[in-house]
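*Asks:* I'd like to ask you about the structure that follows.
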Protein chains: 2
Amino acid sequence: MTTVETSSAISVDCAVFGFDGTKLKALLIKRKYTTDDLSADDLKLPGSMILENETLQGAASRVLEESTGLRDIFLKQTSIFSDPDRVSDKEMDWICRYHGIKTRRVVTVGYYALVKLTDGIINYTLKMGARWVDVDDICHLAMDHLDILSDALSVLRKEMIYSPVAFELLPKRFTMRQLQNLFIAVLGVEIDDRNFRKKIFSTGILKPTGEKEKNVSHKPAEYYTFNRSEFRKLENSRNKLGFIGNWSY
Amino acid sequence: MTTVETSSAISVDCAVFGFDGTKLKALLIKRKYTTDDLSADDLKLPGSMILENETLQGAASRVLEESTGLRDIFLKQTSIFSDPDRVSDKEMDWICRYHGIKTRRVVTVGYYALVKLTDGIINYTLKMGARWVDVDDICHLAMDHLDILSDALSVLRKEMIYSPVAFELLPKRFTMRQLQNLFIAVLGVEIDDRNFRKKIFSTGILKPTGEKEKNVSHKPAEYYTFNRSEFRKLENSRNKLGFIGNWSY
DNA sequence: TACATTAGCGTAAAATATACGATAATTAAG
DNA sequence: CTTAATTATCGTATATTTTACGCTAATGTA
C-alpha cells in the first residue's frame, strides 16, 4: 500500500551572484558543524529551513538579509531538488542537529539572487565569515549544492539574454566595458566591442550621465545608467501582431 | 522565537496541454468530494500528494499515467506555490479528508506536460471523467489551480520560441498548417503563411514524408516529421564564439 | 615624445525578416 | 463540365539586423 508523505521539511538555498568587474562570483558559506565522519571545512550556499507561516520567497529573502545585510535584492526561484536521497544519512544527521528538527526528508527550493558588489556588502559578508568565490573555480560544495548552483547559473545565462538582469549586477553607473565584461563573463563568449556598443545603444535603454572615468591610463569612458522606464516602454511596444520574430531555436 | 516548519505536505499539480489542430486544450478533472459549504462541481488540475520515497518528477509522472494512461510524455517543472494561505481552511479540510492525511500546510509544485491528442488518449481521459477544455475558456478552477495553469501557459509560450516543444503537441506526422496553427494558438499572433514556411524550412528540422493529405477540399498538403537528430546538430553548431546573438530584450 | 591602451565613430557586406505577387491542386457548387 | 472557393507552394523585392573590421581620440606611462 502506498503511504502519503506528510513529514517533509522544506528549505531554501540561494545562489547569490556578484560581479567584480571581471569575474562572476558566488557567495559561499563555511559550514560550522562537524563530526568525525564529516569533512569540517566544506562550503555551502546560504540557505535555511522555512519557518512557520513563511513563504518560500520570504524565507529566501530572510536568508539573503542575514547573509548580505541587504533587502530588496533581485531574487528568483529556479528549481526544486527533491530526490529522496539528495542528502546522505550523515548529512541528514547534521541538518537535524544544526536546525534542531527531526525529519526523514528535506526538499529544497533553489533561488538565485543578484547583488551589486559594493564595499559595504563585501565587508558585511566577510564579517559574517562568507566568501565570494569565482564561479569557475567552484568544483565542490556541500550536499547537492553544486547542482543547485549550476542550475542557477544556467538560469542566469538564459535570463541575461532575454531580460535586463545584467543591471542588477552592475553599480548604478557603469561603463560600456563593465557591461560588456559582464556579458563575456556570464555567457562565456567573445564579443566585438564596436558591435556590442551599437547593439546596446540601439535599444535605447542606457542613459548617458555625462560623467567620465578618472585616473585611467587610456581614454576615459563615459558612465551610463540603466533606463528602466525606457525599457518598459520597449517591452510593451513589442509583442504586437504580424511578427514571427526571433526564435532561432 | 521562530519555529521551524517540519510538517509541510508536498503535492504536485500538472497542467496538461493538448492541441486539437486549432485550439490549445488543458486536461481538467472534476472534483469528487463536496461539503455543504464547498461548491460541488468545480474543476481542478490533475495532481497528487507525493508518496514516501518518491521524487517530485516521479509523482508528476504517476499523476500523468493515472490521468492519461501514458508514460514517457513531456514533463517539466514550472514553479512552486507556497503561500501559507494558498488553500483556505475549508479547502484544507477537503484535502485532508480526500487524501487521508493531517497537515497544516500544503506546498504544491507545478508541472506542465505536453501530449499528442490521439483518439486513444481522448477516450482514456473521457473514461476517467476528465475533460479537455479550451485554455481560453478557463476562467475559474479549484483552489489556486488557475494560477498554476497560467504560470504553466506562460512557460509554454517561452519554450515554444526557444526549444522545439511544439512537436510534443503534434502527431508524428503533421502538415505545415497544423504547425503554424499551433504557433498561432499558443503565441496568439498572426503569422504570414509564406514567411512561416520559409523560417521553418530554413532550420532544416522538418523531414518531408512524401505523403499528402487526402479528401481535403483544397490542394493537399504534405506531411512532415520532426527531425530531432538534425535539431541536435544545429543546437551544437550554435553557441560557438564571436557572436552577440539575438537577445532583443 | 613616443607608445600602449581602450573609447568611440563609421561603413560595407552578409544574413535575416517582412510584405506581398502569382500559380497549383483539390472539392464543392452550379 | 465549368466555375468558385480554399489552401499549398514557390518566388521576389525591400527593409532590418548582424557581422567584420578600419580608423581616430584621449589618457597615463616609459
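As shown in the C-alpha cells, the chain order sets the letters A, B, ...; within each chain, residues go from 1, and ligands are also counted from 1 in the order they appear.
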Counting only C-alpha atoms (C1' of nucleotides), what are the residues of chain D within 9 Å of chain A, and for each of them which pair of atoms is the nearest and at what distance in Å, to one decimal? Sort the table by chain and rising number, as CSV.
*Replies:*
residue,atom,partner,partner_atom,distance
D:DT18,C1',A:Asn195,CA,8.6
D:DT19,C1',A:Asn195,CA,7.9
D:DA25,C1',A:Lys219,CA,7.6
D:DA26,C1',A:Lys219,CA,4.3
D:DT27,C1',A:His218,CA,4.1
D:DG28,C1',A:Ser217,CA,3.9
D:DT29,C1',A:Ser217,CA,7.7
*Asks:* Tell me, as JSON, numbers by chain, which residues lie within 7 Å of stretch 145-160 of chain A, counting only C-alpha atoms (C1' of nucleotides); anything in the same chain fewer than 6 positions away does not count.
*Replies:* {"A": [15, 44, 45, 78, 110, 112, 166, 186, 187]}
*Asks:* Could you give me, as number ranges by chain, the residues within 8 Å of A:Gly210, counting only C-alpha atoms (C1' of nucleotides) and dropping anything in the same chain fewer than 2 positions from it?
*Replies:* A: 208, 212, 222-223
*Asks:* Any chance you can output those residues with C-alpha atoms as a PDB file, in the first residue's frame?
*Replies:*
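So again.pdb came out as:
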ATOM      1  CA  PRO A 208      24.484  58.752 -20.510  1.00  0.00           C
ATOM      2  CA  LYS A 212      33.660  60.075 -17.228  1.00  0.00           C
ATOM      3  CA  GLU A 222      31.589  57.606 -20.062  1.00  0.00           C
ATOM      4  CA  TYR A 223      29.361  56.326 -17.270  1.00  0.00           C
TER       5      TYR A 223
END
*Asks:* Apply DSSP to the structure's backbone, then extract all residues of stretch 41-134 of chain A labelled alpha helix (DSSP H) and return them as a PyMOL selection string.
*Replies:* chain A and resi 56-68+89-99+119-127
*Asks:* What's the separation between atom CA of B:Asp13 and atom CA of B:Gly58, in Å to one decimal place?
*Replies:*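 One can read the atom CA of B:Asp13 to atom CA of B:Gly58 distance as 12.2 Å.
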*Asks:* Select, as a ChimeraX atom specification, those residues of chain C with any atom no more than 10 Å from chain B (distances computed using only C-alpha atoms (C1' of nucleotides)).
*Replies:* /C:16-20,24-28
*Asks:* Measuring atom to atom with only C-alpha atoms, identify which of A:Gly69, A:Gly18, A:Gly47, A:Gly100 is nearest to chain B.
*Replies:*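 The answer is A:Gly100, which sits nearest to chain B.
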*Asks:* Please identify the strand (DSSP E or B) residues within stretch 84-236 of chain A (assignment by DSSP from backbone atoms) and present them as a PyMOL selection string.
*Replies:* chain A and resi 106-114+130-134+174-175+206-212+222-226
*Asks:* Counting only C-alpha atoms (C1' of nucleotides), what is within 12 Å of B:Pro46, bar same-chain residues fewer than 2 positions away, as a PyMOL selection string?
*Replies:* chain B and resi 11-17+26-31+43-44+48-49+59-68+110-113+125+128-132+141-142+145+148-149
*Asks:* Given only C-alpha atoms as the basis, pick out the residue of B:Lys172, B:Lys23, B:Arg71, B:Arg86 nearest to chain A.
*Replies:* B:Arg86
*Asks:* Nearest to B:Met176: which of B:Ile121, B:Ala9, B:Lys76, B:Gly21 is it, counting only C-alpha atoms?
*Replies:* B:Gly21
*Asks:* Just to confirm, what's the straight-line distance from atom CA of B:Phe226 to atom CA of B:Lys116 in Å (one decimal)?
*Replies:* 13.7 Å
